[in-house]
file work.txt (compact mmCIF, N, CA, C and O atoms)
# COMPACT_ATOMS: atom_id res chain seq x y z
N MET A 112 115.61 82.54 103.74
CA MET A 112 116.30 83.81 103.72
C MET A 112 117.66 83.66 104.41
O MET A 112 117.77 83.03 105.44
N THR A 113 118.66 84.26 103.83
CA THR A 113 120.01 84.19 104.36
C THR A 113 120.15 85.09 105.59
O THR A 113 119.53 86.13 105.67
N GLN A 114 120.97 84.66 106.52
CA GLN A 114 121.24 85.45 107.72
C GLN A 114 121.98 86.73 107.34
O GLN A 114 122.97 86.69 106.62
N MET A 115 121.51 87.87 107.80
CA MET A 115 122.17 89.14 107.53
C MET A 115 123.39 89.28 108.44
O MET A 115 123.31 88.94 109.62
N PRO A 116 124.47 89.81 107.89
CA PRO A 116 125.61 90.11 108.75
C PRO A 116 125.23 91.18 109.78
O PRO A 116 124.48 92.10 109.48
N ILE A 117 125.73 91.01 110.99
CA ILE A 117 125.52 91.98 112.06
C ILE A 117 126.90 92.40 112.55
O ILE A 117 127.70 91.56 112.94
N GLU A 118 127.14 93.72 112.49
CA GLU A 118 128.47 94.22 112.86
C GLU A 118 128.33 95.49 113.68
O GLU A 118 127.38 96.25 113.52
N SER A 119 129.32 95.72 114.52
CA SER A 119 129.34 96.96 115.30
C SER A 119 129.75 98.12 114.39
O SER A 119 130.33 97.91 113.32
N ILE A 120 129.44 99.32 114.84
CA ILE A 120 129.85 100.50 114.08
C ILE A 120 131.36 100.49 113.87
O ILE A 120 131.84 100.78 112.77
N ARG A 121 132.09 100.10 114.88
CA ARG A 121 133.55 100.06 114.78
C ARG A 121 133.99 99.11 113.66
O ARG A 121 134.86 99.44 112.86
N GLU A 122 133.37 97.93 113.61
CA GLU A 122 133.73 96.96 112.57
C GLU A 122 133.38 97.50 111.18
O GLU A 122 134.17 97.36 110.24
N VAL A 123 132.23 98.12 111.06
CA VAL A 123 131.80 98.66 109.75
C VAL A 123 132.74 99.77 109.30
O VAL A 123 133.11 99.83 108.11
N ARG A 124 133.16 100.62 110.21
CA ARG A 124 134.09 101.70 109.85
C ARG A 124 135.36 101.14 109.23
O ARG A 124 135.93 101.73 108.32
N ALA A 125 135.80 100.00 109.74
CA ALA A 125 137.06 99.41 109.27
C ALA A 125 136.98 98.92 107.83
O ALA A 125 138.01 98.81 107.16
N HIS A 126 135.77 98.62 107.35
CA HIS A 126 135.65 98.13 105.97
C HIS A 126 134.33 98.56 105.33
O HIS A 126 133.61 97.76 104.72
N LEU A 127 134.03 99.85 105.45
CA LEU A 127 132.77 100.39 104.94
C LEU A 127 132.60 100.13 103.44
O LEU A 127 131.50 99.75 103.01
N ALA A 128 133.64 100.29 102.68
CA ALA A 128 133.52 100.07 101.23
C ALA A 128 133.05 98.65 100.93
O ALA A 128 132.20 98.43 100.06
N GLU A 129 133.55 97.68 101.67
CA GLU A 129 133.13 96.28 101.49
C GLU A 129 131.66 96.08 101.87
O GLU A 129 130.92 95.36 101.18
N VAL A 130 131.22 96.72 102.94
CA VAL A 130 129.84 96.60 103.39
C VAL A 130 128.90 97.19 102.32
O VAL A 130 127.88 96.59 101.98
N VAL A 131 129.26 98.35 101.78
CA VAL A 131 128.46 98.98 100.74
C VAL A 131 128.46 98.11 99.48
O VAL A 131 127.41 97.90 98.87
N GLU A 132 129.60 97.61 99.11
CA GLU A 132 129.70 96.74 97.93
C GLU A 132 128.83 95.49 98.09
O GLU A 132 128.12 95.08 97.17
N ARG A 133 128.84 94.89 99.25
CA ARG A 133 128.02 93.70 99.52
C ARG A 133 126.54 94.03 99.39
O ARG A 133 125.77 93.26 98.82
N ALA A 134 126.14 95.19 99.89
CA ALA A 134 124.73 95.60 99.78
C ALA A 134 124.35 95.81 98.32
O ALA A 134 123.29 95.36 97.87
N GLU A 135 125.22 96.48 97.58
CA GLU A 135 124.92 96.79 96.18
C GLU A 135 125.01 95.55 95.29
O GLU A 135 124.08 95.25 94.53
N ARG A 136 126.08 94.82 95.38
CA ARG A 136 126.34 93.68 94.49
C ARG A 136 125.49 92.47 94.83
O ARG A 136 124.87 91.87 93.95
N ASP A 137 125.44 92.12 96.11
CA ASP A 137 124.77 90.88 96.52
C ASP A 137 123.38 91.11 97.09
O ASP A 137 122.72 90.16 97.47
N ASP A 138 122.98 92.38 97.21
CA ASP A 138 121.70 92.73 97.81
C ASP A 138 121.61 92.17 99.24
O ASP A 138 120.56 91.72 99.69
N THR A 139 122.76 92.20 99.94
CA THR A 139 122.83 91.70 101.31
C THR A 139 122.97 92.88 102.27
O THR A 139 123.99 93.56 102.29
N PRO A 140 121.93 93.14 103.08
CA PRO A 140 122.04 94.22 104.05
C PRO A 140 122.95 93.84 105.22
O PRO A 140 123.12 92.66 105.50
N THR A 141 123.53 94.83 105.83
CA THR A 141 124.33 94.63 107.04
C THR A 141 123.68 95.42 108.16
O THR A 141 123.45 96.62 108.03
N VAL A 142 123.38 94.74 109.25
CA VAL A 142 122.81 95.39 110.43
C VAL A 142 123.96 95.95 111.25
O VAL A 142 124.97 95.28 111.46
N ILE A 143 123.81 97.19 111.69
CA ILE A 143 124.85 97.86 112.46
C ILE A 143 124.39 97.99 113.90
O ILE A 143 123.26 98.39 114.17
N THR A 144 125.30 97.66 114.81
CA THR A 144 124.98 97.75 116.23
C THR A 144 125.82 98.82 116.91
O THR A 144 126.92 99.16 116.45
N ARG A 145 125.27 99.34 118.00
CA ARG A 145 126.01 100.25 118.87
C ARG A 145 125.78 99.76 120.28
O ARG A 145 124.65 99.62 120.72
N ARG A 146 126.86 99.42 120.96
CA ARG A 146 126.80 98.87 122.31
C ARG A 146 125.88 97.66 122.38
O ARG A 146 125.09 97.50 123.30
N GLY A 147 125.92 96.84 121.33
CA GLY A 147 125.14 95.61 121.29
C GLY A 147 123.71 95.75 120.84
O GLY A 147 122.99 94.77 120.68
N LYS A 148 123.26 96.98 120.61
CA LYS A 148 121.88 97.22 120.19
C LYS A 148 121.83 97.51 118.69
O LYS A 148 122.62 98.31 118.18
N LYS A 149 120.90 96.86 117.98
CA LYS A 149 120.73 97.10 116.54
C LYS A 149 120.19 98.51 116.35
O LYS A 149 119.14 98.85 116.89
N VAL A 150 120.92 99.33 115.56
CA VAL A 150 120.52 100.73 115.41
C VAL A 150 120.33 101.18 113.96
O VAL A 150 119.68 102.20 113.72
N ALA A 151 120.89 100.45 113.00
CA ALA A 151 120.81 100.88 111.61
C ALA A 151 121.13 99.70 110.70
O ALA A 151 121.46 98.61 111.17
N ALA A 152 121.03 99.97 109.41
CA ALA A 152 121.40 98.95 108.43
C ALA A 152 121.91 99.62 107.17
O ALA A 152 121.48 100.73 106.82
N VAL A 153 122.81 98.95 106.49
CA VAL A 153 123.27 99.39 105.18
C VAL A 153 122.57 98.49 104.17
O VAL A 153 122.72 97.27 104.22
N VAL A 154 121.76 99.12 103.32
CA VAL A 154 121.03 98.37 102.29
C VAL A 154 121.28 99.02 100.94
O VAL A 154 121.67 100.19 100.86
N SER A 155 121.02 98.27 99.89
CA SER A 155 121.18 98.84 98.55
C SER A 155 120.12 99.91 98.33
O SER A 155 119.06 99.91 98.96
N ILE A 156 120.40 100.80 97.40
CA ILE A 156 119.44 101.85 97.09
C ILE A 156 118.16 101.24 96.54
O ILE A 156 117.07 101.74 96.76
N GLU A 157 118.26 100.12 95.84
CA GLU A 157 117.08 99.44 95.30
C GLU A 157 116.18 98.93 96.43
O GLU A 157 114.96 99.05 96.36
N VAL A 158 116.76 98.38 97.46
CA VAL A 158 115.97 97.93 98.62
C VAL A 158 115.28 99.13 99.27
O VAL A 158 114.09 99.06 99.61
N LEU A 159 115.98 100.23 99.42
CA LEU A 159 115.39 101.43 100.00
C LEU A 159 114.23 101.93 99.14
O LEU A 159 113.16 102.25 99.66
N ARG A 160 114.41 101.96 97.83
CA ARG A 160 113.34 102.41 96.93
C ARG A 160 112.12 101.50 97.03
O ARG A 160 110.99 101.98 97.07
N ARG A 161 112.34 100.19 97.05
CA ARG A 161 111.21 99.25 97.17
C ARG A 161 110.47 99.46 98.48
O ARG A 161 109.25 99.42 98.53
N TYR A 162 111.21 99.68 99.55
CA TYR A 162 110.58 99.94 100.85
C TYR A 162 109.75 101.21 100.80
O TYR A 162 108.61 101.24 101.28
N GLN A 163 110.30 102.27 100.23
CA GLN A 163 109.56 103.53 100.16
C GLN A 163 108.30 103.38 99.32
O GLN A 163 107.25 103.93 99.67
N GLU A 164 108.37 102.64 98.22
CA GLU A 164 107.19 102.40 97.39
C GLU A 164 106.15 101.60 98.17
O GLU A 164 104.95 101.90 98.12
N TRP A 165 106.60 100.57 98.89
CA TRP A 165 105.67 99.77 99.71
C TRP A 165 104.99 100.64 100.75
O TRP A 165 103.79 100.56 100.96
N GLU A 166 105.80 101.47 101.41
CA GLU A 166 105.26 102.33 102.46
C GLU A 166 104.20 103.26 101.90
O GLU A 166 103.13 103.45 102.49
N GLU A 167 104.45 103.85 100.75
CA GLU A 167 103.48 104.74 100.12
C GLU A 167 102.20 103.98 99.75
O GLU A 167 101.09 104.48 99.99
N ARG A 168 102.34 102.78 99.21
CA ARG A 168 101.16 101.96 98.88
C ARG A 168 100.35 101.65 100.13
O ARG A 168 99.12 101.70 100.12
N GLU A 169 101.04 101.30 101.22
CA GLU A 169 100.35 100.99 102.48
C GLU A 169 99.60 102.20 103.01
O GLU A 169 98.45 102.08 103.45
N ILE A 170 100.23 103.35 102.99
CA ILE A 170 99.56 104.57 103.47
C ILE A 170 98.32 104.84 102.62
O ILE A 170 97.24 105.11 103.15
N ASN A 171 98.46 104.75 101.31
CA ASN A 171 97.32 104.99 100.42
C ASN A 171 96.22 103.97 100.65
O ASN A 171 95.03 104.31 100.64
N ARG A 172 96.59 102.72 100.87
CA ARG A 172 95.60 101.67 101.10
C ARG A 172 94.82 101.95 102.39
O ARG A 172 93.59 101.86 102.42
N ILE A 173 95.53 102.33 103.44
CA ILE A 173 94.86 102.62 104.71
C ILE A 173 93.97 103.85 104.58
O ILE A 173 92.84 103.86 105.08
N ILE A 174 94.44 104.85 103.88
CA ILE A 174 93.62 106.04 103.67
C ILE A 174 92.35 105.67 102.90
O ILE A 174 91.25 106.09 103.26
N ASP A 175 92.51 104.85 101.86
CA ASP A 175 91.34 104.42 101.08
C ASP A 175 90.36 103.63 101.96
O ASP A 175 89.15 103.84 101.87
N GLU A 176 90.89 102.74 102.80
CA GLU A 176 90.02 101.97 103.72
C GLU A 176 89.26 102.91 104.64
O GLU A 176 88.06 102.75 104.85
N ARG A 177 89.97 103.87 105.20
CA ARG A 177 89.35 104.79 106.16
C ARG A 177 88.32 105.69 105.48
O ARG A 177 87.30 106.01 106.06
N MET A 178 88.62 106.12 104.27
CA MET A 178 87.69 107.00 103.56
C MET A 178 86.42 106.25 103.16
O MET A 178 85.35 106.85 103.04
N ALA A 179 86.52 104.94 102.97
CA ALA A 179 85.36 104.13 102.61
C ALA A 179 84.47 103.87 103.83
O ALA A 179 83.31 103.50 103.68
N ASN A 180 85.02 104.08 105.02
CA ASN A 180 84.28 103.87 106.26
C ASN A 180 83.35 105.07 106.48
O ASN A 180 83.80 106.21 106.50
N PRO A 181 82.04 104.82 106.69
CA PRO A 181 81.11 105.93 106.86
C PRO A 181 81.26 106.66 108.20
O PRO A 181 80.60 107.66 108.42
N ALA A 182 82.10 106.18 109.08
CA ALA A 182 82.29 106.83 110.39
C ALA A 182 82.93 108.21 110.19
O ALA A 182 83.41 108.55 109.12
N ALA A 183 82.96 108.96 111.25
CA ALA A 183 83.57 110.29 111.20
C ALA A 183 85.03 110.18 110.78
O ALA A 183 85.65 109.13 110.88
N GLY A 184 85.59 111.30 110.33
CA GLY A 184 86.97 111.32 109.85
C GLY A 184 87.96 110.76 110.85
O GLY A 184 87.73 110.75 112.05
N VAL A 185 89.07 110.27 110.32
CA VAL A 185 90.13 109.70 111.15
C VAL A 185 91.33 110.62 111.03
O VAL A 185 91.78 110.93 109.92
N PRO A 186 91.88 111.07 112.13
CA PRO A 186 93.05 111.96 112.06
C PRO A 186 94.22 111.28 111.35
O PRO A 186 94.47 110.08 111.54
N ILE A 187 94.92 112.03 110.53
CA ILE A 187 96.05 111.50 109.78
C ILE A 187 97.11 110.92 110.71
O ILE A 187 97.80 109.96 110.38
N GLU A 188 97.22 111.47 111.92
CA GLU A 188 98.19 110.95 112.89
C GLU A 188 97.88 109.49 113.22
O GLU A 188 98.79 108.67 113.37
N ASP A 189 96.59 109.17 113.33
CA ASP A 189 96.20 107.78 113.60
C ASP A 189 96.54 106.88 112.43
O ASP A 189 96.99 105.75 112.61
N VAL A 190 96.31 107.38 111.22
CA VAL A 190 96.64 106.59 110.03
C VAL A 190 98.13 106.32 109.98
O VAL A 190 98.57 105.19 109.75
N MET A 191 98.94 107.33 110.23
CA MET A 191 100.40 107.16 110.18
C MET A 191 100.87 106.23 111.29
O MET A 191 101.70 105.36 111.05
N ARG A 192 100.33 106.37 112.48
CA ARG A 192 100.72 105.49 113.59
C ARG A 192 100.38 104.04 113.25
O ARG A 192 101.17 103.13 113.48
N GLU A 193 99.19 103.81 112.69
CA GLU A 193 98.80 102.45 112.31
C GLU A 193 99.70 101.90 111.22
O GLU A 193 100.15 100.75 111.27
N THR A 194 100.01 102.72 110.23
CA THR A 194 100.88 102.28 109.13
C THR A 194 102.27 101.92 109.64
O THR A 194 102.80 100.87 109.32
N LEU A 195 102.84 102.79 110.43
CA LEU A 195 104.19 102.55 110.93
C LEU A 195 104.20 101.37 111.89
O LEU A 195 105.17 100.62 111.94
N GLY A 196 103.14 101.16 112.63
CA GLY A 196 103.05 100.03 113.55
C GLY A 196 102.99 98.70 112.82
O GLY A 196 103.48 97.69 113.31
N ARG A 197 102.45 98.68 111.62
CA ARG A 197 102.35 97.44 110.85
C ARG A 197 103.69 96.99 110.30
O ARG A 197 103.88 95.83 110.03
N SER A 198 104.63 97.90 110.15
CA SER A 198 105.91 97.53 109.56
C SER A 198 106.86 96.89 110.57
O SER A 198 107.91 96.41 110.23
N GLU A 199 106.49 96.86 111.83
CA GLU A 199 107.39 96.30 112.86
C GLU A 199 107.16 94.83 113.05
O GLU A 199 106.21 94.25 112.76
call {"tool": "encode", "arguments": {"input": "work.txt", "output": "C-alpha cells"}}
result
Amino acid sequence: MTQMPIESIREVRAHLAEVVERAERDDTPTVITRRGKKVAAVVSIEVLRRYQEWEEREINRIIDERMANPAAGVPIEDVMRETLGRSE
C-alpha cells in the first residue's frame, strides 16, 4: 500500500482543489492534521461509499450473530460499540 500524504489544514487550504482531484482521480486519500494530530481525511466518494457499505454489513453481521445466541437480548448500544471498536 502506498503511503498516504499527510498535510496540515493550512497546507490543504492552499491547494484544496489538488487534494480533492488526487482523491478522485488517483483514489489517494490525504490525511489532515491540526497541531500535529491526525483529525480528518479527504477521500473519494467511492471510498466513502465502500466504507459505509462495509459498516452496514458489519452491523448486520453482528446483529445476526447476537440474535443467533440463545442468551438474553443484547442492547443495541453494545452492538454499536463493538462494531465501531472493530474498525480501529
call {"tool": "axis_aligned_box", "arguments": {"input": "work.txt", "around": "region 140-153 of chain A", "padding_each_side": "8 Å", "output": "lines of an AutoDock Vina configuration file"}}
result
center_x = 123.0
center_y = 97.4
center_z = 113.2
size_x = 23.8
size_y = 25.5
size_z = 36.2
call {"tool": "closest_atom_pairs", "arguments": {"input": "work.txt", "of": "region 131-191 of chain A", "to": "region 116-123 of chain A", "cutoff": "6 Å", "atoms": "all atoms listed in the file", "output": "tab-separated table"}}
result
residue	atom	partner	partner_atom	distance
A:Pro140	O	A:Pro116	N	4.0
A:Thr141	CA	A:Pro116	O	3.5
A:Val142	O	A:Glu118	N	2.9
A:Ile143	CA	A:Glu118	O	3.2
A:Thr144	N	A:Glu118	O	2.8
A:Arg145	N	A:Ile120	N	5.2
call {"tool": "atom_distance", "arguments": {"input": "work.txt", "atom1": "atom N of Arg192 (chain A)", "atom2": "atom N of Glu169 (chain A)"}}
result
12.4 Å
call {"tool": "atom_distance", "arguments": {"input": "work.txt", "atom1": "atom O of Val153 (chain A)", "atom2": "atom C of Thr139 (chain A)"}}
result
4.8 Å
